[in-house]
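Novice: Below is a structure I'd like to ask you about.
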Amino acid sequence: MFLDQFQNLDGRFHIIEHSVPVDEQMEYFKFADRVKKDITLTDADYEKFGSQLNADDCSSERKKKLIAILGAAKTVRAYRLLENYADHPDQGLANWSYMALTESRIALETELSGEKHVYISTGMGGKDDKLRFYVLVMSEKCLAFLDYQKEIIAKEFNFMLPQSGCEVEKLTVGDKYVAMVCLIPMSANLKYILERVLNECNQYGDFLSSLLTVTNVKELSVDEISRLVESYEHDLANHSS
């Protein structure tokens, strides 16, 4: 279960809902670590930061620094400035301001409640107590699906996954693969859920492979899927020769 790795941590868990690329998250945290040392902001600082964030002639690099400083300030005033900016961020700074706003919220909630708040962040985000996952399933022996098989896949995935508390946000049935974006409860056994759905579909002809790609980092592009399908076909050809 997803919660297994957090069982030894105390605190209240929250899932960061927005989808922010992992490399951008890491860039933010590394940058923030460099600017958050001994932050003490005066009234004049808040006024200046607010003006600069809304100024068209202020550079993106300068705004990134201001956003990171406010994110680490642990004050309601800093949070309000970030909240206001995040409503209409400059191009390219939406994710950055969201990360800072989240960091500020964590700090304030922890301080005001006296309870530790732990935020869980993945590349694809989540919703409420669910994490968003991308799942790719290959067809058995990389054979093209027949029309009735596509209908079974759509029916069973959309019927069985909600029974386990999952939410199917996107389901694409290609010629030789099934791609899905789905919200999965943190307490769920994802392996069991997916095996159950595949087994149900395969009662009608064993047309889905047990070869799965599952990630919460990002949704695969059409080109990436095509390369995986080609690689699978290549492996099958080599195995049979």
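Scheme for the structure tokens: letters A, B, ... for chains in order shown; per-chain residue numbers from 1; ligand numbers from 1 in order shown.
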So that I can see what lies close to segment 178-182 of chain A, please list as a list in words the residues with an atom at most 7 Å from it, counting only C-alpha atoms and leaving out residues fewer than 2 positions away in the same chain.

Specialist: Arg132, Phe133, Tyr134, Val135, Leu136, Val137, Met138, Cys166, Glu167, Val168, Glu169, Lys170, Leu171, Thr172, Val173, Gly174 and Ile184 of chain A

Novice: Can you list every residue in segment 3-236 of chain A that DSSP puts in helix (DSSP H, G or I), as a ChimeraX atom specification?

Specialist: /A:3-6,22-35,43-53,60-71,76-86,94-113,140-142,147-163,190-202,222-236

Novice: Please list as number ranges by chain every residue within 9 Å of segment 194-199 of chain A, counting only C-alpha atoms and excluding residues in the same chain fewer than 3 positions away.

Specialist: A: 153, 156-157, 160-161, 189-191, 202-203, 206, 208-210

Novice: Out of A:Tyr232, A:Ala86, A:Leu108, A:Phe49, which residue has the shortest atom-to-atom distance to Leu143 of chain A when counting only C-alpha atoms?

Specialist: A:Tyr232

Novice: Which residues come within 10 Å of Asp175 of chain A, counting only C-alpha atoms, excluding same-chain residues fewer than 5 positions away, as number ranges by chain?

Specialist: A: 138-139, 142-147, 150

Novice: Identify which of the residues A:Thr40, A:Ser164, A:Gln149, A:Asn54 lies closest to His88 of chain A, counting only C-alpha atoms when measuring atom-to-atom distances.

Specialist: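 So, comparing all the options, the nearest one is A:Asn54.
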